[in-house]
Amino acid sequence: MTVTCGIDWSERHHDVALVDEGGKLVAKRRISDDAHGWRVLVELLAEHGDRPDNLIPVAIETGRGLLVSCLRATGRKVYAINPLAVARYRERHTVARAKSDHADAMTLANILRVDADHHRPLPQDSELVQAIAVLARAQRDAVWSRQQLANQLRSLLREYFPAALHAFHVKNIGLISREARAVLQAAPTPTAAAKLTARRLHALLRASGRQRNIATWANRLQALFGEEHLHQLPLVEEALGRQAQALLLQLDAACRAADDLADATNEAFHQHPDAAVITSFPGLADLTGARVLAELGDDRSRFADARALKAYAGAAPITRASGKSLAVHHRKVKNQRLAAAGYVWVFAALRAPGPREHYDRRRAEGDRHSSALRNTFNRMLGCLFHCLQKSKTYDELTAFPPRPSMRLNQAS
């Protein structure tokens, strides 16, 4: 590469710097964050040798946004450089701690000029997998928001209405269930709940969508709410009930958002050709599989080998050796979304005999639960990488072949 480009972005404008192979500044410009600014950037790159067969690479401190999307659409290599790495690179040349937007743009361009081989360009993912990534991440955020609101509601009910917590503390039924939200919206205080008749409870449960054991549930709730309970002062209890209703409105919206995004994510996921390979693995259903695909992408050249993928997901350990000290730790710098999806994946995969045997063996060798899960995740990621590269579905005997001791026991 003879010319490299660095862009220091902001919400309103971006500073652009182009340097040649000797590190000399050949052009600089401040562009606006709109279509006019994009045209100026394209013309500036074209003036300095940007051609379809020789596109100038670009370094920027983010991997998201309209500017990055437009740059990736041109087919050029776009490098998302960590801001911490940019700060460390800046200190290689000066210790004065001077900083400016133009200087940061030049630093980014020089990082590509000198160390492009040590950084990974953004993957060339298909449009479909980029859409899946948007939906899967939004759905995961909606689930986190839903749980946060449920925790706030639980904490509030504990202050004045603990009977509601006991009433809906049932397997597969909680505060985020439609039944709990319908009943609590109609009777947000223990005084109001005690006045609910079995007929009214029956109507609320049916309106929430419940179809089985409605009479049993209505009688149980009426009995629980009719028992003697401690109460806050009347006006305080009414105020707390209003607060609970406000939280329930937010919780209803979060639940609907999570459900709608889950449906959209599943629909998009099933359109991708990798869906059949991913869902063939134990523990990977539609939603979890979509989250995994969203973080892996479908650019087969993104990871050089399975080890690179394992390091990206945080499944591979990291070694710190200095002098006589040697320590092995789990990775903290990783793709947090992929690591979270991997924990759910492997925990569900323990029902399959292969992953379960591997997990039990690691536990027998002294690993803690989290370490054994992470090691199993590491093994499953290697299998997934191979299957995606070869377009093959999961085979348990290939992924977890019987150990020699097990073969001897089976033969005997």
# chains A, B, ... in the order shown; residues from 1 in each chain; ligands from 1
call {"tool": "select_by_dssp", "arguments": {"residues": "segment 79-284 of chain A", "states": "strand (DSSP E or B)", "output": "number ranges by chain"}}
result
A: 79-80, 121, 170, 173
call {"tool": "residues_around", "arguments": {"residues": "Ala133 of chain A", "least_positions_apart": "2", "cutoff": "9 Å", "atoms": "only C-alpha atoms", "output": "PDB file with N, CA and C atoms, in the first residue's frame"}}
result
ATOM      1  N   LEU A 128     -27.404  -9.990   4.703  1.00  0.00           N
ATOM      2  CA  LEU A 128     -28.334 -10.737   5.556  1.00  0.00           C
ATOM      3  C   LEU A 128     -27.771 -10.932   6.955  1.00  0.00           C
ATOM      4  N   VAL A 129     -26.509 -11.318   7.051  1.00  0.00           N
ATOM      5  CA  VAL A 129     -25.938 -11.560   8.381  1.00  0.00           C
ATOM      6  C   VAL A 129     -25.773 -10.246   9.147  1.00  0.00           C
ATOM      7  N   GLN A 130     -25.563  -9.141   8.453  1.00  0.00           N
ATOM      8  CA  GLN A 130     -25.528  -7.847   9.140  1.00  0.00           C
ATOM      9  C   GLN A 130     -26.899  -7.496   9.704  1.00  0.00           C
ATOM     10  N   ALA A 131     -27.951  -7.825   8.962  1.00  0.00           N
ATOM     11  CA  ALA A 131     -29.307  -7.598   9.468  1.00  0.00           C
ATOM     12  C   ALA A 131     -29.599  -8.503  10.661  1.00  0.00           C
ATOM     13  N   LEU A 135     -30.688  -7.382  14.571  1.00  0.00           N
ATOM     14  CA  LEU A 135     -31.869  -7.906  15.260  1.00  0.00           C
ATOM     15  C   LEU A 135     -31.491  -8.704  16.507  1.00  0.00           C
ATOM     16  N   ALA A 136     -30.467  -9.556  16.393  1.00  0.00           N
ATOM     17  CA  ALA A 136     -30.080 -10.400  17.528  1.00  0.00           C
ATOM     18  C   ALA A 136     -29.557  -9.562  18.684  1.00  0.00           C
ATOM     19  N   ARG A 137     -28.759  -8.548  18.381  1.00  0.00           N
ATOM     20  CA  ARG A 137     -28.234  -7.691  19.454  1.00  0.00           C
ATOM     21  C   ARG A 137     -29.339  -6.859  20.080  1.00  0.00           C
ATOM     22  N   ALA A 138     -30.261  -6.371  19.248  1.00  0.00           N
ATOM     23  CA  ALA A 138     -31.381  -5.605  19.795  1.00  0.00           C
ATOM     24  C   ALA A 138     -32.262  -6.487  20.672  1.00  0.00           C
ATOM     25  N   THR A 265     -35.881 -11.949  14.496  1.00  0.00           N
ATOM     26  CA  THR A 265     -34.552 -12.570  14.451  1.00  0.00           C
ATOM     27  C   THR A 265     -34.635 -13.993  13.929  1.00  0.00           C
ATOM     28  N   ALA A 290     -28.915 -17.667  16.289  1.00  0.00           N
ATOM     29  CA  ALA A 290     -28.850 -16.367  15.629  1.00  0.00           C
ATOM     30  C   ALA A 290     -27.859 -15.455  16.328  1.00  0.00           C
ATOM     31  N   ARG A 291     -27.814 -15.513  17.667  1.00  0.00           N
ATOM     32  CA  ARG A 291     -26.851 -14.681  18.397  1.00  0.00           C
ATOM     33  C   ARG A 291     -25.415 -15.100  18.089  1.00  0.00           C
ATOM     34  N   LEU A 293     -24.380 -16.625  15.273  1.00  0.00           N
ATOM     35  CA  LEU A 293     -24.102 -16.241  13.893  1.00  0.00           C
ATOM     36  C   LEU A 293     -23.878 -14.742  13.774  1.00  0.00           C
ATOM     37  N   ALA A 294     -24.616 -13.959  14.551  1.00  0.00           N
ATOM     38  CA  ALA A 294     -24.476 -12.507  14.490  1.00  0.00           C
ATOM     39  C   ALA A 294     -23.065 -12.061  14.861  1.00  0.00           C
ATOM     40  N   GLU A 295     -22.458 -12.747  15.827  1.00  0.00           N
ATOM     41  CA  GLU A 295     -21.115 -12.353  16.268  1.00  0.00           C
ATOM     42  C   GLU A 295     -20.020 -12.995  15.424  1.00  0.00           C
ATOM     43  N   GLY A 297     -20.454 -13.901  12.054  1.00  0.00           N
ATOM     44  CA  GLY A 297     -20.556 -13.459  10.681  1.00  0.00           C
ATOM     45  C   GLY A 297     -20.425 -14.632   9.717  1.00  0.00           C
TER      46      GLY A 297
END
call {"tool": "residues_around", "arguments": {"residues": "Gln124 of chain A", "least_positions_apart": "3", "cutoff": "12 Å", "atoms": "only C-alpha atoms", "output": "PyMOL selection string"}}
result
chain A and resi 69+71-79+120-121+127-130+296-303
call {"tool": "closest_residue", "arguments": {"among": "A:Val68, A:Ala163, A:Val236, A:Ala258", "to": "Ala223 of chain A", "atoms": "only C-alpha atoms"}}
result
A:Ala163
call {"tool": "closest_residue", "arguments": {"among": "A:Gly37, A:Gly23, A:Pro401, A:Gly342", "to": "Ser370 of chain A", "atoms": "only C-alpha atoms"}}
result
A:Gly342
